[in-house]
Amino acid sequence: MTETSDPKTLARTPLDTLHRRLGARMVPFAGYEMPVQYPSGILQEHLHTRAKAGLFDVSHMGQIRLRAPSGKVEDAARALETLVPADILSLAPGRQRYALFLNDKGGILDDLMVSNQGDHLFLIVNAACKAADEAHLRQSLAGLCAVEALPDRALIALQGPQAEAALAALAPEVAAMRFMDARPVTILGAACLVSRSGYTGEDGYEISIPADRVEALCEALLEDPQVAPIGLGARDSLRLEAGLCLYGSDLDTGTTPVEGALEWSIQKSRRAGGARAGGFPGADVVLRQLTEGASRRRG
């Protein structure tokens with residue numbers, strides 16, 4: 001989970017000062033200095049998230065807006081479908097979906113989340129892949145979409161059975177959100193994009209917020225005794241316990257969606273016989289494996 005990097009070249013998230021004030025042990029990860037654990041330790045952080053609510057800094061991940069020149073989100077969806085096997089066109093406004101960037105052999109370049117924000121698509125991609133993903137989008141969708149990276153926004157995740165109560169104390173409307181809803185919410189005066197999702201197997205939220213407002217939001221959340229800061233160590237153990245895959249570990253460019261046991265992420269419309277079957281990189285390989293199966297499969 002950790003990487004060896006020159007500390008002088010590592011980036012820091014907007015929450016770096018808060019992490020150090022809270023006593024985090026910092027490690028290199030995906031080009032950033034990130035908190036691996038706090039003084040309570042990984043096991044207690046894991047258990048706290050399962051029982052109460054854990055607060056995670058995931059600001060190292062990439063956030064990207066995708067807009068079509070027409071201003072129609074449908075045109076952006078059609079463009080993105082040339083790169084992913086997910087059904088993006090039917091994604092309703094305010095809803096989010098898991099998707100995969102594929103190469104010409106059906107191998108997975110990255111996994112990502114996509115939400116329909118009415119006039120644009122909002123993408124969250126993995127930290128280690130974000131530069132390559134942005135370049136891939138710019139090159140592949142040139143003339144079809146404007147690709148706007150959002151380095152001035154932070155991203156946090158609030159996960160666990162008490163996450164709803166903790167966030168609703170600051171923004172009551174989040175209590176009505178369904179799993180995989182994603183919509184604008186004003187929290188402490190900051191314009192946020194909140195999704196009811198996460199990567200721990202627990203109920204919870206991910207919150208995109210201007211970088212200069214994220215520390216105040218985290219401090220407000222941490223005033224709730226049910227909320228504790230959680231590092232990368234417990235984030236990894238929580239997703240493992242929940243059976244969720246990690247790009248670069250369980251998935252890579254040599255693994256297809258079928259080999260990765262991710263065929264559930266390919267909707268009927270993109271499969272053989274569907275309204276928009278194929279049309280994505282590696283479609284011949286992936287559609288054949290969907291019918292015939294693959295010689296190997298993630299357990």
# chains A, B, ... in the order shown; residues from 1 in each chain; ligands from 1
>>> select_by_dssp(residues="segment 55-222 of chain A", states="strand (DSSP E)", output="PyMOL selection string")
chain A and resi 55-57+62-67+96-102+108-116+121-125+146-149+153-159+182-187+190-195+204-210
>>> closest_atom_pairs(of="segment 169-232 of chain A", to="segment 34-45 of chain A", cutoff="6 Å", atoms="only C-alpha atoms", output="Markdown table")
| residue | atom | partner | partner_atom | distance |
| --- | --- | --- | --- | --- |
| A:Ile230 | CA | A:Glu45 | CA | 5.7 |
| A:Gly231 | CA | A:Gln37 | CA | 4.4 |
| A:Leu232 | CA | A:Val36 | CA | 4.4 |
>>> closest_atom_pairs(of="segment 61-114 of chain A", to="segment 256-278 of chain A", cutoff="12 Å", atoms="only C-alpha atoms", output="JSON lines")
{"residue": "A:Arg78", "atom": "CA", "partner": "A:Arg276", "partner_atom": "CA", "distance": 9.8}
{"residue": "A:Glu81", "atom": "CA", "partner": "A:Arg270", "partner_atom": "CA", "distance": 9.0}
{"residue": "A:Thr82", "atom": "CA", "partner": "A:Gly278", "partner_atom": "CA", "distance": 8.7}
{"residue": "A:Leu83", "atom": "CA", "partner": "A:Gly278", "partner_atom": "CA", "distance": 10.3}
{"residue": "A:Val84", "atom": "CA", "partner": "A:Ile266", "partner_atom": "CA", "distance": 8.9}
{"residue": "A:Pro85", "atom": "CA", "partner": "A:Ile266", "partner_atom": "CA", "distance": 5.6}
{"residue": "A:Ala86", "atom": "CA", "partner": "A:Ile266", "partner_atom": "CA", "distance": 4.9}
{"residue": "A:Asp87", "atom": "CA", "partner": "A:Gln267", "partner_atom": "CA", "distance": 5.8}
{"residue": "A:Ile88", "atom": "CA", "partner": "A:Gln267", "partner_atom": "CA", "distance": 9.4}
{"residue": "A:Leu89", "atom": "CA", "partner": "A:Ser269", "partner_atom": "CA", "distance": 9.7}
{"residue": "A:Ser90", "atom": "CA", "partner": "A:Ser269", "partner_atom": "CA", "distance": 9.3}
{"residue": "A:Leu91", "atom": "CA", "partner": "A:Gln267", "partner_atom": "CA", "distance": 11.1}
{"residue": "A:Arg97", "atom": "CA", "partner": "A:Ser265", "partner_atom": "CA", "distance": 8.4}
{"residue": "A:Tyr98", "atom": "CA", "partner": "A:Ser265", "partner_atom": "CA", "distance": 6.6}
{"residue": "A:Ala99", "atom": "CA", "partner": "A:Ser265", "partner_atom": "CA", "distance": 6.5}
{"residue": "A:Leu100", "atom": "CA", "partner": "A:Pro257", "partner_atom": "CA", "distance": 8.0}
{"residue": "A:Phe101", "atom": "CA", "partner": "A:Pro257", "partner_atom": "CA", "distance": 10.0}
{"residue": "A:Leu102", "atom": "CA", "partner": "A:Thr256", "partner_atom": "CA", "distance": 8.0}
{"residue": "A:Asn103", "atom": "CA", "partner": "A:Thr256", "partner_atom": "CA", "distance": 9.2}
{"residue": "A:Asp104", "atom": "CA", "partner": "A:Thr256", "partner_atom": "CA", "distance": 10.5}
{"residue": "A:Lys105", "atom": "CA", "partner": "A:Thr256", "partner_atom": "CA", "distance": 8.0}
{"residue": "A:Gly106", "atom": "CA", "partner": "A:Thr256", "partner_atom": "CA", "distance": 5.2}
{"residue": "A:Gly107", "atom": "CA", "partner": "A:Thr256", "partner_atom": "CA", "distance": 4.5}
{"residue": "A:Ile108", "atom": "CA", "partner": "A:Thr256", "partner_atom": "CA", "distance": 5.9}
{"residue": "A:Leu109", "atom": "CA", "partner": "A:Thr256", "partner_atom": "CA", "distance": 9.6}
{"residue": "A:Asp110", "atom": "CA", "partner": "A:Pro257", "partner_atom": "CA", "distance": 10.9}
{"residue": "A:Asp111", "atom": "CA", "partner": "A:Pro257", "partner_atom": "CA", "distance": 10.1}
{"residue": "A:Leu112", "atom": "CA", "partner": "A:Ser265", "partner_atom": "CA", "distance": 11.1}
{"residue": "A:Met113", "atom": "CA", "partner": "A:Ser265", "partner_atom": "CA", "distance": 11.1}
>>> closest_residue(among="A:Met26, A:Thr13, A:Thr200, A:Gln63", to="Ala242 of chain A", atoms="only C-alpha atoms")
A:Thr200
>>> closest_atom_pairs(of="segment 154-185 of chain A", to="segment 235-239 of chain A", cutoff="12 Å", atoms="only C-alpha atoms", output="CSV")
residue,atom,partner,partner_atom,distance
A:Ala157,CA,A:Arg235,CA,10.3
A:Leu158,CA,A:Arg235,CA,11.4
A:Gln159,CA,A:Arg235,CA,10.0
A:Gly160,CA,A:Leu238,CA,10.7
>>> select_by_dssp(residues="segment 27-72 of chain A", states="helix (DSSP H, G or I)", output="number ranges by chain")
A: 42-51
>>> write_last_selection(atoms="C-alpha atoms", output="compact mmCIF listing (two decimals), in the first residue's frame")
# COMPACT_ATOMS: atom_id res chain seq x y z
CA ILE A 42 -5.26 0.89 12.37
CA LEU A 43 -7.33 -1.74 14.19
CA GLN A 44 -9.20 0.79 16.32
CA GLU A 45 -9.74 3.02 13.28
CA HIS A 46 -11.17 0.05 11.37
CA LEU A 47 -13.52 -0.86 14.22
CA HIS A 48 -14.56 2.76 14.79
CA THR A 49 -15.62 3.10 11.14
CA ARG A 50 -17.65 -0.10 11.32
CA ALA A 51 -19.39 1.01 14.55
>>> closest_residue(among="A:Gln162, A:Ser59, A:Ser70, A:Ser295", to="Val125 of chain A", atoms="only C-alpha atoms")
A:Ser59
>>> residues_around(residues="Phe122 of chain A", least_positions_apart="2", cutoff="9 Å", atoms="only C-alpha atoms", output="list in words")
Gln63, Ile64, Arg65, Leu66, Gln96, Met113, Val114, Ser115, Asn116, Gln117, His120 and Ile124 of chain A
>>> write_last_selection(atoms="N, CA and C atoms", output="PDB file, in the first residue's frame")
ATOM      1  N   GLN A  63     -10.249  14.768  -9.698  1.00  0.00           N
ATOM      2  CA  GLN A  63     -11.613  15.216  -9.960  1.00  0.00           C
ATOM      3  C   GLN A  63     -11.617  15.950 -11.300  1.00  0.00           C
ATOM      4  N   ILE A  64     -12.548  15.563 -12.167  1.00  0.00           N
ATOM      5  CA  ILE A  64     -12.564  16.061 -13.543  1.00  0.00           C
ATOM      6  C   ILE A  64     -13.994  16.367 -13.971  1.00  0.00           C
ATOM      7  N   ARG A  65     -14.193  17.508 -14.621  1.00  0.00           N
ATOM      8  CA  ARG A  65     -15.478  17.818 -15.258  1.00  0.00           C
ATOM      9  C   ARG A  65     -15.358  17.565 -16.752  1.00  0.00           C
ATOM     10  N   LEU A  66     -16.422  17.007 -17.312  1.00  0.00           N
ATOM     11  CA  LEU A  66     -16.472  16.705 -18.739  1.00  0.00           C
ATOM     12  C   LEU A  66     -17.703  17.403 -19.309  1.00  0.00           C
ATOM     13  N   GLN A  96     -24.954   8.596  -9.854  1.00  0.00           N
ATOM     14  CA  GLN A  96     -23.553   8.253 -10.041  1.00  0.00           C
ATOM     15  C   GLN A  96     -23.438   6.777 -10.414  1.00  0.00           C
ATOM     16  N   MET A 113     -15.554   6.784 -10.878  1.00  0.00           N
ATOM     17  CA  MET A 113     -16.957   7.079 -10.635  1.00  0.00           C
ATOM     18  C   MET A 113     -17.370   8.216 -11.551  1.00  0.00           C
ATOM     19  N   VAL A 114     -18.580   8.111 -12.110  1.00  0.00           N
ATOM     20  CA  VAL A 114     -19.110   9.123 -13.024  1.00  0.00           C
ATOM     21  C   VAL A 114     -20.480   9.543 -12.522  1.00  0.00           C
ATOM     22  N   SER A 115     -20.718  10.841 -12.415  1.00  0.00           N
ATOM     23  CA  SER A 115     -22.060  11.306 -12.062  1.00  0.00           C
ATOM     24  C   SER A 115     -22.557  12.318 -13.080  1.00  0.00           C
ATOM     25  N   ASN A 116     -23.876  12.336 -13.266  1.00  0.00           N
ATOM     26  CA  ASN A 116     -24.541  13.269 -14.159  1.00  0.00           C
ATOM     27  C   ASN A 116     -24.929  14.497 -13.345  1.00  0.00           C
ATOM     28  N   GLN A 117     -24.316  15.635 -13.671  1.00  0.00           N
ATOM     29  CA  GLN A 117     -24.599  16.864 -12.938  1.00  0.00           C
ATOM     30  C   GLN A 117     -25.436  17.857 -13.753  1.00  0.00           C
ATOM     31  N   HIS A 120     -23.130  18.629 -17.187  1.00  0.00           N
ATOM     32  CA  HIS A 120     -21.801  18.054 -17.356  1.00  0.00           C
ATOM     33  C   HIS A 120     -21.707  16.740 -16.589  1.00  0.00           C
ATOM     34  N   ILE A 124     -14.488  11.002 -10.821  1.00  0.00           N
ATOM     35  CA  ILE A 124     -13.473  10.835  -9.779  1.00  0.00           C
ATOM     36  C   ILE A 124     -12.624   9.640 -10.170  1.00  0.00           C
TER      37      ILE A 124
END
>>> closest_residue(among="A:His60, A:Arg288, A:Lys52, A:Arg12", to="Cys129 of chain A", atoms="only C-alpha atoms")
A:His60
>>> closest_residue(among="A:Leu155, A:Arg298, A:Ala216, A:Gly282", to="Gly198 of chain A", atoms="only C-alpha atoms")
A:Leu155
>>> residues_around(residues="Leu188 of chain A", least_positions_apart="5", cutoff="10 Å", atoms="only C-alpha atoms", output="JSON, numbers by chain")
{"A": [170, 171, 213, 216, 217, 220]}
>>> atom_distance(atom1="atom CA of Thr17 of chain A", atom2="atom CA of Tyr32 of chain A")
13.6 Å
>>> residues_around(residues="Arg153 of chain A", least_positions_apart="3", cutoff="7 Å", atoms="only C-alpha atoms", output="PyMOL selection string")
chain A and resi 150+208-211
